[in-house]
Amino acid sequence: YSDARPPFSERMAIKEVGVLCAKTNCPVNLLHLSSIDAVEAGKETVAENPKLNILLEATLHHLGLSNETKYGRLGKVNPPIREREHVDALWEAVINDDIKTVVSDHACATKKIKEGDLWTSLAGFGGTEVTFPVLLTEGYRRRGVSLQRIAELTSYNPAVYHGLYPKKGTIAVGSDADLAIIDLDKE
């Protein structure tokens with residue numbers, strides 16, 4: 001599936017969006033980045049349009065999965081799961097603050113709708129429940145991403161970029177009390 005949607009196709013799509021946002025002065029959310037090509041094209045688009053609000057976003061499944069494991073149709077998602085080198089590049093972009101938000105892209109799919117062959121099986125799978133396990137295991141424990149940075153990626157930055165701050169994205173009087181309490185000593 002990844003071969004049918006190669007990383008360079010992400011670069012082409014992002015470059016096209018870059019032309020459109022430059023002409024329209026429109027803010028853009030470059031979402032679901034899954035490859036080195038996508039990250040590089042996103043960074044180039046941001047650099048070429050410094051006055052525009054251009055957000056680079058990754059999903060937890062592109063940060064937590066690689067196609068070294070054979071998931072079969074259960075792992076079909078758009079953009080596709082890629083090789084480990086792409087996963088590492090996404091994490092580097094998270095650590096370097098190029099990627100500003102991480103989302104679950106929760107698209108719950110039963111095994112029934114995953115039936116069929118590669119082309120008739122629907123793309124997508126659930127993920128909200130593993131957002132913090134992935135970020136804490138792969139980010140915090142494995143790569144040293146701070147807990148503050150994880151809060152920025154999942155709460156503060158999305159609230160700011162989508163115009164919801166300070167109602168969301170902070171712990172303050174008058175803000176919604178959306179909290180996650182996590183015991184780092186438990187698996």
# chains A, B, ... in the order shown; residues from 1 in each chain; ligands from 1
call {"tool": "residues_around", "arguments": {"residues": "Ser121 in chain A", "least_positions_apart": "4", "cutoff": "10 Å", "atoms": "only C-alpha atoms", "output": "list of chain:residue names"}}
result
A:Arg73, A:Leu74, A:Lys76, A:Lys111, A:Lys112, A:Ile113, A:Lys114, A:Glu115, A:Gly116, A:Asp117
call {"tool": "write_last_selection", "arguments": {"atoms": "all heavy atoms", "output": "PDB file, in the first residue's frame"}}
result
ATOM      1  N   ARG A  73      -4.098  -5.803   6.175  1.00  0.00           N
ATOM      2  CA  ARG A  73      -5.150  -4.807   5.958  1.00  0.00           C
ATOM      3  C   ARG A  73      -5.480  -4.020   7.221  1.00  0.00           C
ATOM      4  O   ARG A  73      -5.957  -2.897   7.145  1.00  0.00           O
ATOM      5  CB  ARG A  73      -6.403  -5.473   5.411  1.00  0.00           C
ATOM      6  CG  ARG A  73      -6.242  -6.023   4.009  1.00  0.00           C
ATOM      7  CD  ARG A  73      -7.528  -6.647   3.497  1.00  0.00           C
ATOM      8  NE  ARG A  73      -8.197  -7.534   4.435  1.00  0.00           N
ATOM      9  CZ  ARG A  73      -7.900  -8.815   4.624  1.00  0.00           C
ATOM     10  NH1 ARG A  73      -6.947  -9.393   3.931  1.00  0.00           N
ATOM     11  NH2 ARG A  73      -8.573  -9.546   5.488  1.00  0.00           N
ATOM     12  N   LEU A  74      -5.219  -4.606   8.398  1.00  0.00           N
ATOM     13  CA  LEU A  74      -5.512  -3.896   9.646  1.00  0.00           C
ATOM     14  C   LEU A  74      -4.660  -2.634   9.777  1.00  0.00           C
ATOM     15  O   LEU A  74      -5.032  -1.696  10.464  1.00  0.00           O
ATOM     16  CB  LEU A  74      -5.294  -4.810  10.851  1.00  0.00           C
ATOM     17  CG  LEU A  74      -6.241  -6.001  10.959  1.00  0.00           C
ATOM     18  CD1 LEU A  74      -5.874  -6.862  12.156  1.00  0.00           C
ATOM     19  CD2 LEU A  74      -7.689  -5.540  11.049  1.00  0.00           C
ATOM     20  N   LYS A  76      -3.866  -0.624   7.257  1.00  0.00           N
ATOM     21  CA  LYS A  76      -4.105   0.282   6.131  1.00  0.00           C
ATOM     22  C   LYS A  76      -4.644   1.615   6.646  1.00  0.00           C
ATOM     23  O   LYS A  76      -5.657   1.672   7.332  1.00  0.00           O
ATOM     24  CB  LYS A  76      -5.096  -0.339   5.145  1.00  0.00           C
ATOM     25  CG  LYS A  76      -5.321   0.528   3.910  1.00  0.00           C
ATOM     26  CD  LYS A  76      -6.280  -0.150   2.951  1.00  0.00           C
ATOM     27  CE  LYS A  76      -6.591   0.742   1.768  1.00  0.00           C
ATOM     28  NZ  LYS A  76      -7.571   0.136   0.872  1.00  0.00           N
ATOM     29  N   LYS A 111     -13.080  -4.942  12.119  1.00  0.00           N
ATOM     30  CA  LYS A 111     -12.438  -5.919  11.229  1.00  0.00           C
ATOM     31  C   LYS A 111     -13.316  -6.197  10.013  1.00  0.00           C
ATOM     32  O   LYS A 111     -12.811  -6.489   8.945  1.00  0.00           O
ATOM     33  CB  LYS A 111     -12.132  -7.212  12.001  1.00  0.00           C
ATOM     34  CG  LYS A 111     -10.978  -7.058  12.959  1.00  0.00           C
ATOM     35  CD  LYS A 111     -10.635  -8.382  13.615  1.00  0.00           C
ATOM     36  CE  LYS A 111      -9.452  -8.199  14.546  1.00  0.00           C
ATOM     37  NZ  LYS A 111      -9.056  -9.437  15.195  1.00  0.00           N
ATOM     38  N   LYS A 112     -14.616  -6.062  10.176  1.00  0.00           N
ATOM     39  CA  LYS A 112     -15.539  -6.319   9.065  1.00  0.00           C
ATOM     40  C   LYS A 112     -15.279  -5.374   7.893  1.00  0.00           C
ATOM     41  O   LYS A 112     -15.258  -5.802   6.741  1.00  0.00           O
ATOM     42  CB  LYS A 112     -16.990  -6.180   9.565  1.00  0.00           C
ATOM     43  CG  LYS A 112     -18.035  -6.400   8.514  1.00  0.00           C
ATOM     44  CD  LYS A 112     -18.215  -7.867   8.224  1.00  0.00           C
ATOM     45  CE  LYS A 112     -19.353  -8.063   7.242  1.00  0.00           C
ATOM     46  NZ  LYS A 112     -19.225  -9.298   6.504  1.00  0.00           N
ATOM     47  N   ILE A 113     -15.087  -4.084   8.153  1.00  0.00           N
ATOM     48  CA  ILE A 113     -14.868  -3.163   7.041  1.00  0.00           C
ATOM     49  C   ILE A 113     -13.434  -3.218   6.516  1.00  0.00           C
ATOM     50  O   ILE A 113     -13.125  -2.621   5.500  1.00  0.00           O
ATOM     51  CB  ILE A 113     -15.269  -1.711   7.384  1.00  0.00           C
ATOM     52  CG1 ILE A 113     -14.357  -1.113   8.439  1.00  0.00           C
ATOM     53  CG2 ILE A 113     -16.714  -1.626   7.797  1.00  0.00           C
ATOM     54  CD1 ILE A 113     -14.594   0.367   8.671  1.00  0.00           C
ATOM     55  N   LYS A 114     -12.589  -3.983   7.206  1.00  0.00           N
ATOM     56  CA  LYS A 114     -11.223  -4.200   6.731  1.00  0.00           C
ATOM     57  C   LYS A 114     -11.139  -5.458   5.854  1.00  0.00           C
ATOM     58  O   LYS A 114     -10.081  -5.782   5.349  1.00  0.00           O
ATOM     59  CB  LYS A 114     -10.255  -4.347   7.912  1.00  0.00           C
ATOM     60  CG  LYS A 114     -10.045  -3.089   8.714  1.00  0.00           C
ATOM     61  CD  LYS A 114      -9.164  -2.149   7.963  1.00  0.00           C
ATOM     62  CE  LYS A 114      -8.662  -1.039   8.841  1.00  0.00           C
ATOM     63  NZ  LYS A 114      -7.689  -0.221   8.154  1.00  0.00           N
ATOM     64  N   GLU A 115     -12.265  -6.147   5.694  1.00  0.00           N
ATOM     65  CA  GLU A 115     -12.270  -7.359   4.875  1.00  0.00           C
ATOM     66  C   GLU A 115     -12.118  -6.996   3.407  1.00  0.00           C
ATOM     67  O   GLU A 115     -12.356  -5.867   3.003  1.00  0.00           O
ATOM     68  CB  GLU A 115     -13.561  -8.147   5.095  1.00  0.00           C
ATOM     69  CG  GLU A 115     -13.644  -8.786   6.462  1.00  0.00           C
ATOM     70  CD  GLU A 115     -14.948  -9.519   6.696  1.00  0.00           C
ATOM     71  OE1 GLU A 115     -15.842  -9.487   5.830  1.00  0.00           O
ATOM     72  OE2 GLU A 115     -15.078 -10.110   7.773  1.00  0.00           O
ATOM     73  N   GLY A 116     -11.728  -7.964   2.617  1.00  0.00           N
ATOM     74  CA  GLY A 116     -11.529  -7.744   1.189  1.00  0.00           C
ATOM     75  C   GLY A 116     -10.046  -7.732   0.879  1.00  0.00           C
ATOM     76  O   GLY A 116      -9.223  -8.161   1.677  1.00  0.00           O
ATOM     77  N   ASP A 117      -9.729  -7.234  -0.291  1.00  0.00           N
ATOM     78  CA  ASP A 117      -8.313  -7.181  -0.654  1.00  0.00           C
ATOM     79  C   ASP A 117      -7.741  -5.807  -0.289  1.00  0.00           C
ATOM     80  O   ASP A 117      -8.431  -4.965   0.285  1.00  0.00           O
ATOM     81  CB  ASP A 117      -8.108  -7.506  -2.140  1.00  0.00           C
ATOM     82  CG  ASP A 117      -8.772  -6.508  -3.066  1.00  0.00           C
ATOM     83  OD1 ASP A 117      -9.010  -5.352  -2.664  1.00  0.00           O
ATOM     84  OD2 ASP A 117      -9.044  -6.876  -4.224  1.00  0.00           O
TER      85      ASP A 117
END
call {"tool": "closest_atom_pairs", "arguments": {"of": "range 87-110 of chain A", "to": "range 134-154 of chain A", "cutoff": "7 Å", "atoms": "only C-alpha atoms", "output": "CSV"}}
result
residue,atom,partner,partner_atom,distance
A:Ile95,CA,A:Val145,CA,6.7
A:Lys100,CA,A:Leu153,CA,5.8
A:Thr101,CA,A:Leu153,CA,4.3
A:Val102,CA,A:Leu153,CA,5.5
A:Val103,CA,A:Thr154,CA,6.8
call {"tool": "select_by_dssp", "arguments": {"residues": "range 52-183 of chain A", "states": "strand (DSSP E)", "output": "PyMOL selection string"}}
result
chain A and resi 54-59+101-103
call {"tool": "closest_atom_pairs", "arguments": {"of": "range 61-128 of chain A", "to": "range 36-52 of chain A", "cutoff": "12 Å", "atoms": "only C-alpha atoms", "output": "tab-separated table"}}
result
residue	atom	partner	partner_atom	distance
A:His62	CA	A:Ile36	CA	11.5
A:Pro79	CA	A:Ala38	CA	10.6
A:Arg82	CA	A:Ile36	CA	10.0
A:Glu83	CA	A:Ile36	CA	10.3
A:Arg84	CA	A:Ile36	CA	10.7
A:Glu85	CA	A:Ile36	CA	8.0
A:His86	CA	A:Ile36	CA	5.4
A:Val87	CA	A:Ile36	CA	8.4
A:Asp88	CA	A:Ile36	CA	8.9
A:Ala89	CA	A:Ile36	CA	5.9
A:Leu90	CA	A:Val39	CA	7.1
A:Trp91	CA	A:Val39	CA	10.4
A:Glu92	CA	A:Val39	CA	9.8
A:Ala93	CA	A:Val39	CA	7.2
A:Val94	CA	A:Val39	CA	10.1
A:Asn96	CA	A:Lys43	CA	11.2
A:Asp97	CA	A:Lys43	CA	10.6
A:Asp98	CA	A:Lys43	CA	6.9
A:Ile99	CA	A:Val39	CA	8.1
A:Lys100	CA	A:Lys43	CA	11.5
call {"tool": "residues_around", "arguments": {"residues": "range 155-168 of chain A", "least_positions_apart": "6", "cutoff": "8 Å", "atoms": "only C-alpha atoms", "output": "PyMOL selection string"}}
result
chain A and resi 53+55+100-101+174-176+178
call {"tool": "write_last_selection", "arguments": {"atoms": "C-alpha atoms", "output": "mmCIF file, in the first residue's frame"}}
result
data_model
loop_
_atom_site.group_PDB
_atom_site.id
_atom_site.type_symbol
_atom_site.label_atom_id
_atom_site.label_comp_id
_atom_site.auth_asym_id
_atom_site.auth_seq_id
_atom_site.Cartn_x
_atom_site.Cartn_y
_atom_site.Cartn_z
ATOM 1 C CA ASN A 53 0.043 30.442 9.886
ATOM 2 C CA LEU A 55 0.939 24.172 10.953
ATOM 3 C CA LYS A 100 3.789 21.507 16.261
ATOM 4 C CA THR A 101 0.921 19.090 16.952
ATOM 5 C CA GLY A 174 -11.906 30.365 33.263
ATOM 6 C CA SER A 175 -10.396 27.651 31.029
ATOM 7 C CA ASP A 176 -11.937 24.230 30.556
ATOM 8 C CA ASP A 178 -9.469 19.052 30.428
#
call {"tool": "select_by_dssp", "arguments": {"residues": "chain A", "states": "alpha helix (DSSP H)", "output": "ChimeraX atom specification"}}
result
/A:7-24,36-48,60-64,84-95,131-134,142-143,147-151,157-161
call {"tool": "atom_distance", "arguments": {"atom1": "CA of Gly72 in chain A", "atom2": "CA of Tyr1 in chain A"}}
result
9.5 Å
call {"tool": "closest_residue", "arguments": {"among": "A:Gly75, A:Ile14, A:Thr131, A:Ala123", "to": "Asn29 in chain A", "atoms": "only C-alpha atoms"}}
result
A:Ile14
